[in-house]
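Asks: Input structure: start07.cif, which contains mmCIF, C-alpha atoms and all ligand atoms.
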```cif
data_work
loop_
_atom_site.label_atom_id
_atom_site.label_comp_id
_atom_site.auth_asym_id
_atom_site.auth_seq_id
_atom_site.Cartn_x
_atom_site.Cartn_y
_atom_site.Cartn_z
CA MET M 94 -23.70 -28.69 12.09
CA THR M 95 -22.56 -26.01 9.72
CA GLY M 96 -24.26 -22.95 8.22
CA ASP M 97 -23.64 -20.57 5.37
CA ARG M 98 -21.87 -17.42 6.59
CA LEU M 99 -19.64 -15.96 3.83
CA ILE M 100 -16.24 -14.58 4.82
CA HIS M 101 -14.21 -12.82 2.11
CA GLY M 102 -10.53 -13.32 2.73
CA VAL M 103 -7.41 -12.45 0.80
CA ARG M 104 -4.48 -14.84 0.88
CA ILE M 105 -1.23 -12.93 0.68
CA GLY M 106 2.20 -14.26 1.53
CA GLY M 107 0.61 -17.49 2.71
CA ARG M 108 -1.62 -15.79 5.25
CA LEU M 109 -5.35 -15.14 5.13
CA CYS M 110 -6.22 -11.47 5.68
CA TYR M 111 -9.48 -9.57 5.55
CA PRO M 112 -9.96 -6.54 3.28
CA GLY M 113 -12.47 -3.74 3.28
CA ASN M 114 -13.49 -1.79 6.30
CA MET M 115 -12.19 -4.27 8.81
CA ALA M 116 -9.22 -3.72 11.08
CA GLY M 117 -9.21 0.07 10.82
CA ILE M 118 -8.83 0.39 7.04
CA ARG M 119 -11.24 2.73 5.24
CA PRO M 120 -11.45 4.74 2.01
CA ALA M 121 -9.81 8.15 2.37
CA CYS M 122 -11.99 11.26 2.27
CA LEU M 123 -11.19 14.90 1.52
CA SER M 124 -10.72 15.74 5.19
CA ASP M 125 -7.86 13.18 5.38
CA ALA M 126 -5.67 15.27 3.04
CA SER M 127 -3.64 16.96 5.79
CA ALA M 128 -3.13 13.75 7.80
CA ILE M 129 -1.99 11.96 4.63
CA ALA M 130 0.40 14.81 3.76
CA ASP M 131 1.86 14.76 7.29
CA ILE M 132 2.47 11.01 7.09
CA GLN M 133 4.04 11.33 3.66
CA VAL M 134 6.46 14.10 4.71
CA LYS M 135 7.37 12.45 8.04
CA THR M 136 7.83 8.98 6.56
CA TRP M 137 9.83 10.26 3.59
CA ARG M 138 12.27 11.99 5.97
CA ASP M 139 12.53 8.91 8.14
CA THR M 140 12.86 6.39 5.31
CA TYR M 141 14.78 8.18 2.58
CA ALA M 142 17.51 9.99 4.54
CA GLY M 143 20.75 8.78 2.95
CA LEU M 144 18.90 7.15 0.05
CA ILE M 145 17.91 10.28 -1.86
CA PRO M 146 19.60 13.71 -1.98
CA ASP M 147 19.18 15.81 1.21
CA ARG M 148 17.86 18.74 -0.85
CA ALA M 149 14.88 16.66 -1.94
CA LEU M 150 14.03 15.96 1.71
CA LEU M 151 14.69 19.53 2.86
CA GLY M 152 12.49 20.84 0.06
CA LEU M 153 9.45 18.79 1.08
CA SER M 154 6.53 21.12 1.58
CA ARG M 155 3.64 20.07 3.80
CA THR M 156 1.45 22.75 2.20
CA SER M 157 1.98 21.55 -1.35
CA HIS M 158 1.47 17.94 -0.29
CA ILE M 159 -1.86 18.88 1.30
CA GLU M 160 -2.91 20.66 -1.90
CA ASN M 161 -1.85 17.68 -3.97
CA TRP M 162 -3.83 15.22 -1.83
CA ARG M 163 -6.88 17.48 -1.81
CA ARG M 164 -6.79 17.43 -5.60
CA ILE M 165 -6.35 13.64 -5.75
CA LEU M 166 -9.15 12.99 -3.25
CA ARG M 167 -11.50 15.58 -4.75
CA ASP M 168 -11.05 14.33 -8.33
CA ALA M 169 -11.01 10.65 -7.37
CA ARG M 170 -12.03 8.47 -10.30
CA ALA M 171 -13.35 4.95 -9.91
CA ASP M 172 -9.87 3.52 -10.52
CA SER M 173 -8.08 5.96 -8.18
CA ILE M 174 -7.89 4.14 -4.87
CA THR M 175 -6.76 5.67 -1.57
CA ARG M 176 -7.14 3.90 1.75
CA VAL M 177 -6.15 5.02 5.25
CA ALA M 178 -5.27 2.97 8.30
CA GLU M 179 -6.56 4.17 11.63
CA GLY M 180 -4.99 3.48 14.99
CA PRO M 181 -6.98 2.58 18.08
CA ASP M 182 -7.81 6.27 18.73
CA PHE M 183 -9.10 6.68 15.12
CA CYS M 184 -6.07 8.81 14.17
CA VAL M 185 -4.78 8.12 10.68
CA VAL M 186 -1.43 6.29 11.02
CA GLY M 187 -0.89 5.12 7.44
CA PHE M 188 -2.21 5.41 3.93
CA ALA M 189 -1.86 3.79 0.52
CA ASN M 190 -2.76 4.79 -3.00
CA ALA M 191 -3.15 2.74 -6.19
CA GLY M 192 -4.65 2.81 -9.66
CA ARG M 193 -3.94 1.90 -13.28
CA ALA M 194 -0.29 1.03 -13.90
CA ARG M 195 1.76 3.86 -15.35
CA PRO M 196 3.08 2.97 -18.83
CA THR M 197 5.99 0.51 -18.94
CA ASN M 198 6.64 -2.55 -21.05
CA LEU M 199 5.64 -4.76 -18.12
CA PRO M 200 2.41 -6.77 -18.44
CA TYR M 201 0.78 -5.42 -15.27
CA ASP M 202 -2.40 -3.33 -15.27
CA GLY M 203 -2.60 -2.18 -11.63
CA GLU M 204 0.00 -0.26 -9.63
CA VAL M 205 0.55 0.54 -5.97
CA TYR M 206 1.81 4.14 -6.10
CA THR M 207 2.39 4.81 -2.40
CA LEU M 208 2.18 2.93 0.88
CA TYR M 209 3.34 4.65 4.06
CA VAL M 210 2.90 3.86 7.73
CA LEU M 211 4.12 6.30 10.40
CA PRO M 212 7.43 5.11 11.88
CA ASP M 213 5.95 4.70 15.40
CA HIS M 214 3.19 2.49 14.03
CA GLN M 215 5.22 0.25 11.73
CA GLY M 216 5.34 -3.46 12.46
CA ALA M 217 1.74 -3.58 13.72
CA GLY M 218 0.13 -5.02 10.58
CA HIS M 219 -1.12 -1.74 9.05
CA GLY M 220 1.05 -2.15 5.94
CA ARG M 221 -0.29 -5.65 5.31
CA ARG M 222 -3.90 -4.56 5.77
CA LEU M 223 -3.47 -1.53 3.52
CA LEU M 224 -1.95 -3.65 0.74
CA VAL M 225 -4.75 -6.21 1.05
CA ALA M 226 -7.33 -3.42 0.81
CA LEU M 227 -5.62 -2.00 -2.30
CA PHE M 228 -5.50 -5.40 -4.02
CA SER M 229 -9.15 -5.95 -3.29
CA ALA M 230 -10.08 -2.51 -4.65
CA LEU M 231 -7.87 -2.95 -7.73
CA ARG M 232 -9.65 -6.19 -8.49
CA ALA M 233 -13.00 -4.46 -8.08
CA ALA M 234 -11.81 -1.78 -10.53
CA GLY M 235 -11.03 -4.49 -13.11
CA CYS M 236 -7.28 -4.90 -12.66
CA LYS M 237 -5.93 -8.43 -13.02
CA SER M 238 -2.42 -7.81 -11.71
CA ALA M 239 -0.38 -5.27 -9.76
CA LEU M 240 3.15 -4.02 -9.36
CA VAL M 241 4.98 -1.57 -7.13
CA TRP M 242 8.22 0.34 -7.71
CA VAL M 243 10.52 0.70 -4.71
CA LEU M 244 13.99 2.15 -4.23
CA ALA M 245 16.51 -0.70 -4.40
CA GLY M 246 18.10 0.52 -1.15
CA ASN M 247 14.78 0.73 0.73
CA PRO M 248 14.28 -2.11 3.23
CA ALA M 249 10.56 -1.87 2.42
CA ARG M 250 11.31 -4.04 -0.62
CA PHE M 251 11.51 -7.02 1.72
CA PHE M 252 8.03 -6.19 3.01
CA TYR M 253 6.76 -6.67 -0.56
CA GLU M 254 8.58 -10.02 -0.74
CA VAL M 255 6.91 -11.10 2.50
CA MET M 256 3.63 -10.06 0.91
CA GLY M 257 4.16 -12.52 -1.95
CA GLY M 258 5.52 -10.10 -4.56
CA THR M 259 8.28 -11.29 -6.89
CA LEU M 260 11.07 -9.16 -8.27
CA ILE M 261 10.13 -8.48 -11.91
CA ALA M 262 12.26 -5.55 -13.09
CA THR M 263 14.88 -2.96 -12.21
CA ARG M 264 15.46 0.51 -13.63
CA GLU M 265 17.58 3.61 -13.14
CA GLU M 266 15.71 6.89 -12.71
CA PRO M 267 17.09 10.46 -12.64
CA PHE M 268 16.03 12.30 -9.48
CA HIS M 269 17.25 15.71 -8.24
CA GLY M 270 20.54 15.37 -10.14
CA VAL M 271 21.36 11.78 -9.19
CA ILE M 272 20.45 8.39 -10.62
CA LEU M 273 18.39 6.17 -8.34
CA SER M 274 18.11 2.39 -8.69
CA GLU M 275 14.58 1.09 -8.36
CA CYS M 276 13.11 -2.37 -8.48
CA ALA M 277 9.60 -3.54 -9.21
CA TYR M 278 7.72 -6.26 -7.39
CA GLY M 279 4.78 -7.88 -9.10
CA TRP M 280 1.66 -9.89 -8.35
CA PRO M 281 0.80 -11.26 -11.81
CA ASP M 282 -2.59 -12.68 -10.96
CA LEU M 283 -4.46 -10.83 -8.21
CA ARG M 284 -7.25 -13.37 -8.42
CA ARG M 285 -4.84 -16.04 -7.26
CA HIS M 286 -4.23 -13.98 -4.15
CA ILE M 287 -7.88 -13.50 -3.50
CA GLU M 288 -9.88 -16.27 -2.04
CA ILE M 289 -13.57 -16.19 -1.40
CA ARG M 290 -14.12 -18.56 1.40
CA THR M 291 -17.29 -20.03 2.56
CA GLN M 292 -16.87 -20.45 6.23
CA ALA M 293 -19.24 -22.77 7.88
CA SER M 294 -20.77 -21.75 11.14
CA ASP M 295 -23.18 -23.50 13.40
CA SER M 296 -26.66 -23.54 12.00
CA SER M 297 -29.28 -23.34 14.62
CA GLY M 298 -32.21 -23.23 12.27
C1 LIG M 301 6.96 -0.89 4.34
C2 LIG M 301 5.81 -0.56 5.29
C3 LIG M 301 4.64 0.01 4.52
C4 LIG M 301 5.35 -1.88 5.98
O1 LIG M 301 4.26 -1.58 6.84
P1 LIG M 301 4.20 -2.19 8.33
O2 LIG M 301 2.90 -1.82 8.92
O3 LIG M 301 5.43 -1.79 9.04
O4 LIG M 301 4.27 -3.77 8.01
P2 LIG M 301 3.40 -4.94 8.69
O5 LIG M 301 3.47 -4.78 10.17
O6 LIG M 301 2.05 -4.99 8.08
O7 LIG M 301 4.25 -6.21 8.25
C5 LIG M 301 3.72 -7.26 7.44
C6 LIG M 301 4.79 -8.29 7.28
O8 LIG M 301 5.90 -7.74 6.56
C7 LIG M 301 7.10 -7.88 7.31
N1 LIG M 301 7.91 -6.70 7.09
C8 LIG M 301 7.54 -5.40 7.24
N2 LIG M 301 8.56 -4.58 6.93
C9 LIG M 301 9.60 -5.39 6.59
C10 LIG M 301 10.93 -5.14 6.17
N3 LIG M 301 11.41 -3.90 6.03
N4 LIG M 301 11.73 -6.23 5.90
C11 LIG M 301 11.26 -7.49 6.02
N5 LIG M 301 9.98 -7.78 6.41
C12 LIG M 301 9.18 -6.73 6.69
C13 LIG M 301 6.64 -7.98 8.76
O9 LIG M 301 7.60 -8.63 9.57
C14 LIG M 301 5.37 -8.78 8.61
O10 LIG M 301 5.69 -10.14 8.40
P3 LIG M 301 4.98 -11.30 9.29
O11 LIG M 301 3.51 -10.99 9.26
O12 LIG M 301 5.39 -12.55 8.60
O13 LIG M 301 5.54 -11.13 10.64
C15 LIG M 301 6.24 0.42 6.41
O14 LIG M 301 7.31 -0.13 7.11
C16 LIG M 301 6.63 1.79 5.88
O15 LIG M 301 5.77 2.65 5.76
N6 LIG M 301 7.92 1.97 5.59
C17 LIG M 301 8.43 3.28 5.22
C18 LIG M 301 7.84 3.83 3.94
C19 LIG M 301 8.14 2.98 2.72
O16 LIG M 301 9.29 2.68 2.43
N7 LIG M 301 7.07 2.61 2.01
C20 LIG M 301 7.18 1.86 0.79
C21 LIG M 301 7.45 2.80 -0.35
S1 LIG M 301 7.40 1.89 -1.87
#
```
Can I see the file as structure tokens?

Replies:
Amino acid sequence: MTGDRLIHGVRIGGRLCYPGNMAGIRPACLSDASAIADIQVKTWRDTYAGLIPDRALLGLSRTSHIENWRRILRDARADSITRVAEGPDFCVVGFANAGRARPTNLPYDGEVYTLYVLPDHQGAGHGRRLLVALFSALRAAGCKSALVWVLAGNPARFFYEVMGGTLIATREEPFHGVILSECAYGWPDLRRHIEIRTQASDSSG
């Protein structure tokens, strides 16, 4: 026999995942600012060496990143979404941040601004779970769609393809005296990626 337990799942890239506080994903709090800044600086240096000018990487300041994240987390509005991924020892190993799409001519209302997982913890599913959590929170904040901008030379773009995003735009952006090529991946209908499933379970009365 079957019962009535509700399981909320998110189908992304053909796979059912579970958002929210499951699997070590939780909303960021003010005390996460320094861990988030550390991950951002470390992952930037690991990922962007050779893709962006060395001076931009050398000039990264942990202190100013901490201040910036403190401000973001302290002033968090309802549509400013930051989630962290915890490893088995409850250390923060990744984070992601999203909100209203910055102005473009693209018909997308939500945007993933950042998504970083520490190099030693990549490939363990944290990126997928963080993106699922962001999509779920964007939907809750009233966004119907989402996009992300990524450097064209960053292999992370293929992660977004695996996650069901489609290439929707490219642009050239000035950065520290050079022009960088970026591409945007989009999820035009977040609702289509979100499934509310009623999972039957044994009913014993
Ligand atoms: C991109 C990033 C967030 C992915 O996070 P992750 O935890 O390593 O990814 P996951 O383990 O959740 O992988 C989910 C799926 O994406 C695939 N994937 C991940 N990175 C990939 C890549 N570079 N190319 C192709 N597929 C990739 C995985 O194989 C997995 O697919 P599967 O479930 O079918 O096996 C992480 O690698 C990262 O932080 N990279 C450096 C920072 C960066 O560039 N961030 C994006 C800035 S826009």

Asks: Using all atoms of ligand LIG 301 (chain M) that appear in the file, construct an axis-aligned enclosing box with 5 Å of padding on every side and provide its centre coordinates and edge lengths in Å, rounded to one decimal, as AutoDock Vina command-line options.

Replies:
```
--center_x 6.9 --center_y -4.4 --center_z 4.4 --size_x 19.7 --size_y 26.4 --size_z 22.5
```

Asks: Record the distance separating atom CA of Pro146 of chain M and atom CA of Thr263 of chain M, expressed in Å with one decimal.

Replies: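 Spanning atom CA of Pro146 of chain M to atom CA of Thr263 of chain M is a straight-line distance of 20.1 Å.
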
Asks: Find the residues of chain M that sit at most 6 Å from ligand LIG 301 (chain M); for each, write down the nearest two atoms and how far apart they are in Å, to one decimal. Count all atoms listed in the file. Sort by chain, then by number going up, and give it as a Markdown table.

Replies:
```
| residue | atom | partner | partner_atom | distance |
| --- | --- | --- | --- | --- |
| M:Thr136 | CA | M:LIG301 | C18 | 5.8 |
| M:Thr140 | CA | M:LIG301 | C17 | 5.4 |
| M:Thr207 | CA | M:LIG301 | C21 | 5.8 |
| M:Leu208 | CA | M:LIG301 | N7 | 5.0 |
| M:Tyr209 | CA | M:LIG301 | O15 | 3.6 |
| M:Val210 | CA | M:LIG301 | O15 | 3.7 |
| M:Gln215 | CA | M:LIG301 | O3 | 3.4 |
| M:Gly216 | CA | M:LIG301 | O5 | 3.2 |
| M:Ala217 | CA | M:LIG301 | O5 | 4.1 |
| M:Gly218 | CA | M:LIG301 | O6 | 3.2 |
| M:His219 | CA | M:LIG301 | O2 | 4.0 |
| M:Gly220 | CA | M:LIG301 | O1 | 3.4 |
| M:Arg221 | CA | M:LIG301 | O6 | 3.7 |
| M:Val243 | CA | M:LIG301 | S1 | 4.4 |
| M:Pro248 | CA | M:LIG301 | N3 | 4.4 |
| M:Ala249 | CA | M:LIG301 | C1 | 4.2 |
| M:Phe251 | CA | M:LIG301 | N4 | 4.3 |
| M:Phe252 | CA | M:LIG301 | C12 | 3.9 |
| M:Val255 | CA | M:LIG301 | O8 | 5.4 |
```

Asks: List as JSON, numbers by chain the residues having at least one atom at most 8 Å from position (0.5, -6.6, -1.4) as given in the file, counting only C-alpha atoms.

Replies: {"M": [105, 221, 224, 225, 227, 228, 253, 256, 257, 258, 280]}

Asks: Just the number, please: distance in Å from atom CA of Arg195 of chain M to atom CA of Ala226 of chain M, one decimal.

Replies: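 Those two atoms sit 19.9 Å apart.
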
Asks: Counting all atoms listed in the file, figure out which residue out of M:Ile261, M:Leu211, M:Arg232, M:Leu283 gets nearest to Val185 of chain M.

Replies: M:Leu211

Asks: List the neighbours of Arg163 of chain M out to 9 Å using all atoms listed in the file; skip same-chain residues closer than 5 positions along the sequence, and give me the result as a ChimeraX atom specification.

Replies: /M:123-127,158,168

Asks: Figure out the distance between atom CA of His214 of chain M and atom CA of Leu150 of chain M, please, to one decimal in Å.

Replies: 21.2 Å

Asks: Which of these residues is nearest to Ser173 of chain M, using only C-alpha atoms: M:Ala149, M:Leu144, M:Ala130, M:Cys236?

Replies: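 Using only C-alpha atoms, Ser173 of chain M sits closest to M:Cys236.
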
Asks: Name the closest residue to Ala245 of chain M among the candidates M:Thr156, M:Ser229, M:Ser274, M:Asn161; distances are taken between atoms, counting only C-alpha atoms.

Replies: M:Ser274

Asks: Can you work out which one of M:Pro200, M:His269, M:Glu179, M:Val241 has the shortest atom-to-atom distance to Gly152 of chain M, counting all atoms listed in the file?

Replies: M:His269

Asks: What lies within 10 Å of Cys184 of chain M using only C-alpha atoms, ignoring chain neighbours under 4 positions off, as JSON, numbers by chain?

Replies: {"M": [117, 125, 128, 177, 178, 179, 180]}

Asks: Under the rule that all atoms listed in the file are counted, which of M:Glu160, M:Asp147, M:Asp202, M:Glu265 is the nearest residue to Ile129 of chain M?

Replies: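 For Ile129 of chain M, the nearest of the candidates is M:Glu160.
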
Asks: Considering all atoms listed in the file, can you say which of M:Ile118, M:Val134, M:Ala234, M:Ala191 comes closest to Leu153 of chain M?

Replies: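 Closest to Leu153 of chain M, using all atoms listed in the file: M:Val134.
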